[in-house]
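First the structure, in the form of structure tokens, and then the observations on it.
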Amino acid sequence: MTVDRADSADLAADVDLVVVGGGPAGLAAAIEADRWGVSTRLIEDRPTLGGQIFRQPSPSLPDRRVLTAEPDHARGLALLSKLRRSRVQQVTSATVVDITPGAPFMIRYVHDDRTASVRARQVILATGAYDRPVALPGWTLPGVMAAGGAQAMAKSHGVLPGRRVVVAGSGPLLLTFAVQLHQWGAQVAAVTELAGRPRVRDLAELAWRGAAAVDYLRQGLQLTGYLAAHRIPVHFRTRPTRILGSEQVTGVILSRVDRAGRPMPGSARTVEADCVCLGYGLVPSPELAGLAGCEMVPDEDRAMNVPARGTLLETSVHGLFAVGDGVTVRGSAVALLEGQIAGLAASRNLGRVTGERFERRLRPVRARLDRSLAFQAALSAVYPAAISGCDLATADTVLCRCEEVTRGELSDAIAAAAPLADASVVKGMTRAGMGPCQGRMCAANVYELIASATGTAVTRVRAFTPRQPARPVPLAAVASLVDYDGGDGDLPEDPDCTV
Amino acid sequence: MPGDRVTFTFNGASCQATPGESLAAALLSSGARSLRRSGRTGESRGIYCGIGLCFDCIVTVDGQPNVRACMTLAADGMRVESTAAPTGPGA
């Protein structure tokens with residue numbers, strides 16, 4: 001075995017399987033593989049495992065009542081305790097920056113400001129999702145937060161995002177979050193839901209989907225009951241159209257919207273608030289799959305490109321799997337089952353489980369996955385498809401938060417470059433996407449502007465080129481990515497990369 | 001009881017955190033919402049995504065710039081400061 005210099009701190013690096021991401025999908029994958037005796041390393045970006053859904057409350061938290069009431073929490077605890085009893089190697093605060101396919105795969109990650117690498121025979125990507133960035137005037141002010149991030153911070157540390165909060169977005173998690181905020185002591189000024197009031201017909205359709213669906217509906221009723229009892233207004237078919245303030249949020253303008261999400265004239269009103277949480281659904285993080293060269297295909301909503309997968313959730317790159325919300329956002333129940341299937345399939349590829357034993361293990365998991373998917377499909381009928389992330393942005397609204405590029409500047413650049421405008425060209429002209437977030441906050445909106453200006457589908461817009469490092473890493477760590485002995489290490493070629 | 005609070009400074013002001021708390025959470029609960037000024041227009045910026053992706057909450061920790069407050073655990077004696085303007089190469 002040859003060991004490159006980056007490996008010097010990590011001599012026993014070879015494992016059967018690397019799982020990237022320690023949320024529900026990644027935990028389930030690692031635990032399943034461990035069950036079959038597969039040597040596994042689980043690599044997680046955050047300091048703690050559990051991902052965003054199973055985020056564990058800090059032990060110093062004064063009141064855990066709200067959290068322990070969530071079924072997800074109990075499930076998360078059970079998985080983490082299984083993991084603790086397993087032989088899975090767990091590396092936290094470690095950011096995977098590159099995956100080179102091959103036999104074995106080479107996975108490079110940054111840990112404690114140093115690069116480490118590990119060679120693995122199989123890889124499972126479980127990179128999770130994040131809140132859809134919705135650019136509207138005022139969205140860069142302190143006090144505007146992504147709902148998922150605000151919820152995570154409240155969950156793990158009991159820290160409220162503001163004193164008087166507007167919760168704006170779409171989907172079932174909004175109500176949970178609003179109730180949590182109130183129980184934690186925040187004043188909830190308003191909840192605005194993009195969708196119309198759920199129709200009885202859709203809810204009835206949901207109720208047919210078994211016990212999970214009935215639980216879900218019961219929970220929904222409890223939440224709406226709670227909000228009504230505490231006089232917290234829930235406005236359906238309403239959106240914030242402008243966030244007010246100069247140094248931080250002081251208020252928000254809410255408007256009624258039509259079915260397409262367009263504000264209706266004359267319906268605007270101002271609500272005082274020091275915090276706005278935006279929760280317009282989640283978008284997957286498939287960057288590493290792109291970097292590893294997986295074939296990418298448009299997702300169900302034709303909103304972005306995600307790795308193509310086979311029935312065992314394998315990508316087009318042999319030995320590389322992609323699971324959970326990092327591919328398609330369907331929540332933790334689906335993520336758990338997908339993780340388990342990929343963990344099992346990787347174990348089979350490694351020869352640890354074969355034939356009838358494999359099939360017997362797979363069958364019930366697959367059946368549960370099918371039921372969960374049917375439930376998710378029924379649920380999505382209640383909520384509309386994702387809105388545009390930049391339809392409310394005015395010419396001077398920043399779309400690229402890092403480089404402070406406005407919608408107007410982007411539109412001008414696209415017009416000047418048309419018909420050759422693609423994301424890389426526009427990036428070169430405006431710097432949008434060059435900052436440390438590496439386009440995560442602006443890419444979808446840049447693609448959307450290009451698509452509408454050039455009359456193409458969003459998924460056909462040539463995207464920002466995926467390059468390693470997939471996340472910004474310290475300069476010292478980049479230096480250690482280089483194999484000075486002339487191996488396969490490369491300095492990142494992209495001058496944009498933030499180091 | 002010693003060890004159940006950590007103390008750090010933000011732009012010289014003393015802040016408290018509980019062990020295991022991120023800098024972002026500790027700053028938010030100390031009322032520090034504006035963490036820095038943006039490089040190009042000097043707008044006030046704070047915590048946005050909260051999960052390590054957006055890099056809006058970057059601060060300088062013990063002299064090291066561009067550290068994500070939301071991904072860094074608060075530690076006793078940390079000196080945290082607003083990161084002066086530019087955040088990336090060539091900015």
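Following the order of the structure tokens, chains are lettered A, B, ..., residues in each are numbered from 1, and ligands are numbered from 1.
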Contact check, chain A to chain B, at most 7 Å, counting only C-alpha atoms, closest pairs as CSV:
residue,atom,partner,partner_atom,distance
A:Arg46,CA,B:Met71,CA,6.6
A:Ser58,CA,B:Gly20,CA,6.6
A:Ser60,CA,B:Thr18,CA,6.8
A:Thr140,CA,B:Arg45,CA,6.6
A:Leu141,CA,B:Arg45,CA,5.9
A:Pro142,CA,B:Gly46,CA,4.4
A:Gly143,CA,B:Arg33,CA,6.9
A:Val144,CA,B:Tyr48,CA,6.3
A:Met145,CA,B:Tyr48,CA,4.4
A:Ala146,CA,B:Cys49,CA,5.0
A:Gly149,CA,B:Gly50,CA,4.3
A:Ala150,CA,B:Gly50,CA,6.4
A:Met153,CA,B:Ala25,CA,6.4
A:His157,CA,B:Glu21,CA,6.2
A:Val159,CA,B:Ser29,CA,6.0
A:Glu247,CA,B:Ser44,CA,5.6
A:Glu404,CA,B:Arg40,CA,6.7
A:Gly435,CA,B:Gly88,CA,6.3
A:Pro436,CA,B:Phe55,CA,6.4
A:Cys437,CA,B:Cys54,CA,5.0
A:Met441,CA,B:Cys54,CA,6.5
A:Thr498,CA,B:Gly88,CA,5.6
Go ahead and write the residues just picked, all heavy atoms, as a short mmCIF file (atom, residue, chain, number, x, y, z; two decimals), in the first residue's frame.
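And here's result.cif as it stands now:
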data_model
loop_
_atom_site.label_atom_id
_atom_site.label_comp_id
_atom_site.auth_asym_id
_atom_site.auth_seq_id
_atom_site.Cartn_x
_atom_site.Cartn_y
_atom_site.Cartn_z
N ARG A 46 -20.49 18.37 10.93
CA ARG A 46 -20.78 19.07 12.18
C ARG A 46 -20.00 18.47 13.34
O ARG A 46 -19.50 17.36 13.25
CB ARG A 46 -22.27 18.97 12.50
CG ARG A 46 -23.19 19.56 11.45
CD ARG A 46 -24.58 19.73 12.02
NE ARG A 46 -24.51 20.55 13.21
CZ ARG A 46 -24.46 21.88 13.20
NH1 ARG A 46 -24.48 22.53 12.08
NH2 ARG A 46 -24.39 22.54 14.32
N SER A 58 -28.52 19.99 23.55
CA SER A 58 -27.37 20.13 24.42
C SER A 58 -27.75 19.68 25.83
O SER A 58 -28.85 19.93 26.30
CB SER A 58 -26.95 21.60 24.40
OG SER A 58 -26.37 21.94 25.62
N SER A 60 -27.00 20.83 28.50
CA SER A 60 -27.21 21.95 29.42
C SER A 60 -28.56 22.64 29.20
O SER A 60 -28.89 23.59 29.87
CB SER A 60 -26.08 22.97 29.24
OG SER A 60 -26.03 23.37 27.90
N THR A 140 -30.92 39.87 3.53
CA THR A 140 -29.56 39.75 4.06
C THR A 140 -29.43 40.42 5.44
O THR A 140 -28.36 40.38 6.04
CB THR A 140 -28.54 40.41 3.11
OG1 THR A 140 -28.94 41.76 2.86
CG2 THR A 140 -28.45 39.66 1.80
N LEU A 141 -30.52 41.01 5.95
CA LEU A 141 -30.44 41.68 7.25
C LEU A 141 -30.26 40.67 8.39
O LEU A 141 -30.87 39.60 8.36
CB LEU A 141 -31.75 42.44 7.52
CG LEU A 141 -31.96 43.75 6.78
CD1 LEU A 141 -33.43 44.19 6.91
CD2 LEU A 141 -31.03 44.84 7.33
N PRO A 142 -29.46 41.03 9.40
CA PRO A 142 -29.44 40.17 10.59
C PRO A 142 -30.84 40.08 11.18
O PRO A 142 -31.53 41.09 11.29
CB PRO A 142 -28.50 40.92 11.55
CG PRO A 142 -27.63 41.76 10.67
CD PRO A 142 -28.51 42.16 9.51
N GLY A 143 -31.24 38.86 11.53
CA GLY A 143 -32.60 38.65 12.01
C GLY A 143 -33.42 37.87 11.00
O GLY A 143 -34.47 37.34 11.34
N VAL A 144 -32.92 37.78 9.75
CA VAL A 144 -33.56 36.89 8.78
C VAL A 144 -32.78 35.58 8.82
O VAL A 144 -31.57 35.57 8.63
CB VAL A 144 -33.49 37.45 7.34
CG1 VAL A 144 -34.17 36.48 6.37
CG2 VAL A 144 -34.13 38.82 7.27
N MET A 145 -33.47 34.51 9.12
CA MET A 145 -32.79 33.23 9.20
C MET A 145 -33.53 32.15 8.43
O MET A 145 -34.75 32.19 8.32
CB MET A 145 -32.67 32.78 10.67
CG MET A 145 -31.60 33.54 11.43
SD MET A 145 -31.38 32.85 13.08
CE MET A 145 -30.63 31.28 12.69
N ALA A 146 -32.77 31.20 7.93
CA ALA A 146 -33.37 30.01 7.37
C ALA A 146 -34.06 29.27 8.51
O ALA A 146 -33.50 29.12 9.59
CB ALA A 146 -32.29 29.13 6.76
N GLY A 149 -32.25 26.26 10.10
CA GLY A 149 -31.10 26.64 10.93
C GLY A 149 -31.54 27.23 12.25
O GLY A 149 -30.98 26.92 13.30
N ALA A 150 -32.58 28.07 12.20
CA ALA A 150 -33.09 28.68 13.43
C ALA A 150 -33.64 27.61 14.35
O ALA A 150 -33.42 27.61 15.56
CB ALA A 150 -34.16 29.71 13.09
N MET A 153 -30.86 25.60 15.95
CA MET A 153 -30.18 26.32 17.02
C MET A 153 -31.05 26.35 18.28
O MET A 153 -30.56 26.20 19.39
CB MET A 153 -29.88 27.75 16.55
CG MET A 153 -28.60 28.26 17.10
SD MET A 153 -28.16 29.83 16.40
CE MET A 153 -27.57 29.37 14.83
N HIS A 157 -29.61 24.34 21.47
CA HIS A 157 -29.09 25.23 22.51
C HIS A 157 -30.16 26.02 23.25
O HIS A 157 -29.85 26.78 24.15
CB HIS A 157 -28.10 26.24 21.89
CG HIS A 157 -26.99 25.61 21.14
ND1 HIS A 157 -26.14 24.70 21.72
CD2 HIS A 157 -26.59 25.74 19.87
CE1 HIS A 157 -25.26 24.30 20.82
NE2 HIS A 157 -25.52 24.91 19.68
N VAL A 159 -31.66 28.49 22.13
CA VAL A 159 -31.49 29.91 21.81
C VAL A 159 -32.55 30.32 20.80
O VAL A 159 -32.69 29.70 19.75
CB VAL A 159 -30.10 30.17 21.22
CG1 VAL A 159 -29.97 31.61 20.76
CG2 VAL A 159 -29.04 29.85 22.25
N GLU A 247 -30.19 48.11 10.06
CA GLU A 247 -29.11 47.34 10.69
C GLU A 247 -29.56 45.93 11.03
O GLU A 247 -28.76 45.01 11.09
CB GLU A 247 -28.63 48.05 11.96
CG GLU A 247 -27.78 49.28 11.68
CD GLU A 247 -26.50 48.94 10.95
OE1 GLU A 247 -25.68 48.19 11.51
OE2 GLU A 247 -26.32 49.41 9.81
N GLU A 404 -22.15 39.75 -2.99
CA GLU A 404 -23.10 40.87 -3.05
C GLU A 404 -23.44 41.28 -4.47
O GLU A 404 -23.30 42.43 -4.87
CB GLU A 404 -22.56 42.07 -2.27
CG GLU A 404 -22.31 41.74 -0.81
CD GLU A 404 -21.67 42.89 -0.08
OE1 GLU A 404 -22.41 43.82 0.27
OE2 GLU A 404 -20.46 42.87 0.12
N GLY A 435 -18.01 33.10 -4.06
CA GLY A 435 -17.70 33.29 -2.64
C GLY A 435 -17.59 31.98 -1.87
O GLY A 435 -17.67 30.90 -2.46
N PRO A 436 -17.40 32.11 -0.56
CA PRO A 436 -17.16 30.91 0.25
C PRO A 436 -18.32 29.92 0.30
O PRO A 436 -18.09 28.74 0.56
CB PRO A 436 -16.86 31.47 1.64
CG PRO A 436 -17.31 32.88 1.63
CD PRO A 436 -17.27 33.35 0.21
N CYS A 437 -19.57 30.34 0.02
CA CYS A 437 -20.65 29.34 0.07
C CYS A 437 -20.65 28.49 -1.19
O CYS A 437 -21.40 27.53 -1.29
CB CYS A 437 -22.01 29.99 0.30
SG CYS A 437 -22.91 30.39 -1.21
N MET A 441 -26.02 29.34 -1.99
CA MET A 441 -27.08 30.29 -1.71
C MET A 441 -27.62 30.95 -2.98
O MET A 441 -28.68 31.55 -2.96
CB MET A 441 -26.59 31.38 -0.75
CG MET A 441 -26.19 30.86 0.61
SD MET A 441 -27.58 30.11 1.51
CE MET A 441 -26.85 28.53 1.97
N THR A 498 -12.18 29.20 -2.34
CA THR A 498 -11.86 30.02 -1.17
C THR A 498 -10.92 29.25 -0.28
O THR A 498 -11.24 28.16 0.16
CB THR A 498 -13.14 30.35 -0.43
OG1 THR A 498 -13.93 31.11 -1.32
CG2 THR A 498 -12.85 31.18 0.79
#
Select from chain B everything DSSP, run on the backbone, classes as strand (DSSP E or B), then give the selection as a ChimeraX atom specification. /B:6-10,13-17,22,36-37,44-45,58-61,64-68,73,79-82
Residues near B:Glu81, anyone? I mean within 8 Å using only C-alpha atoms, not counting same-chain ones fewer than 4 positions away, as a list in words.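 So, after excluding close chain neighbours, the residues are Thr9, Phe10, Asn11, Gly12, Val59, Thr60 and Val61 of chain B.
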Prev. selection, C-alpha atoms, output as a JSON list (two decimals), in the first residue's frame:
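In the end it all went to result-v1.json:
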[["chain", "number", "residue", "atom", "x", "y", "z"],
["B", 9, "THR", "CA", -15.24, 38.13, 24.22],
["B", 10, "PHE", "CA", -16.90, 39.52, 21.10],
["B", 11, "ASN", "CA", -15.33, 42.77, 19.90],
["B", 12, "GLY", "CA", -14.06, 43.25, 23.43],
["B", 59, "VAL", "CA", -15.94, 35.90, 12.52],
["B", 60, "THR", "CA", -12.29, 36.12, 13.49],
["B", 61, "VAL", "CA", -11.44, 33.73, 16.33]]
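Coordinates place atom CA of A:Leu174 at a distance of 13.4 Å from atom CA of A:Thr238.
Proximity of A:Ala168, A:Cys275, A:Val334, A:Val18 to A:Leu244, computed with only C-alpha atoms, is greatest for A:Cys275.
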What lies within 10 Å of A:Gly331 using only C-alpha atoms, ignoring chain neighbours under 4 positions off, as a list in words? Pro24, Ala25, Ile53, Gly128, Ala129, Leu282, Gly324, Asp325, Ala335, Leu336, Ser372, Leu373 and Gln376 of chain A
Within 12 Å of A:Ser316 using only C-alpha atoms, minus same-chain residues under 5 positions, as a list in words: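 Here the answer would be Pro101, Ala289, Gly290, Ala292, Gly293, Cys294, Glu295, Met296, Val297, Val306, Pro307, Ala308, Arg309, Gly310, Thr311, Phe321 and Ala322 of chain A.
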Which value, in Å to one decimal, gives the distance between atom CA of A:Ile450 and atom CA of A:Cys402?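 We find that atom CA of A:Ile450 and atom CA of A:Cys402 lie 19.4 Å from each other.
Residues in contact with stretch 199-210 of chain A at up to 8 Å, not including ones fewer than 4 positions away on its chain and judged by only C-alpha atoms, are Val214, Leu217, Arg371, Ala374, Phe375, Ala378, Leu379, Ala381 and Val382 of chain A.
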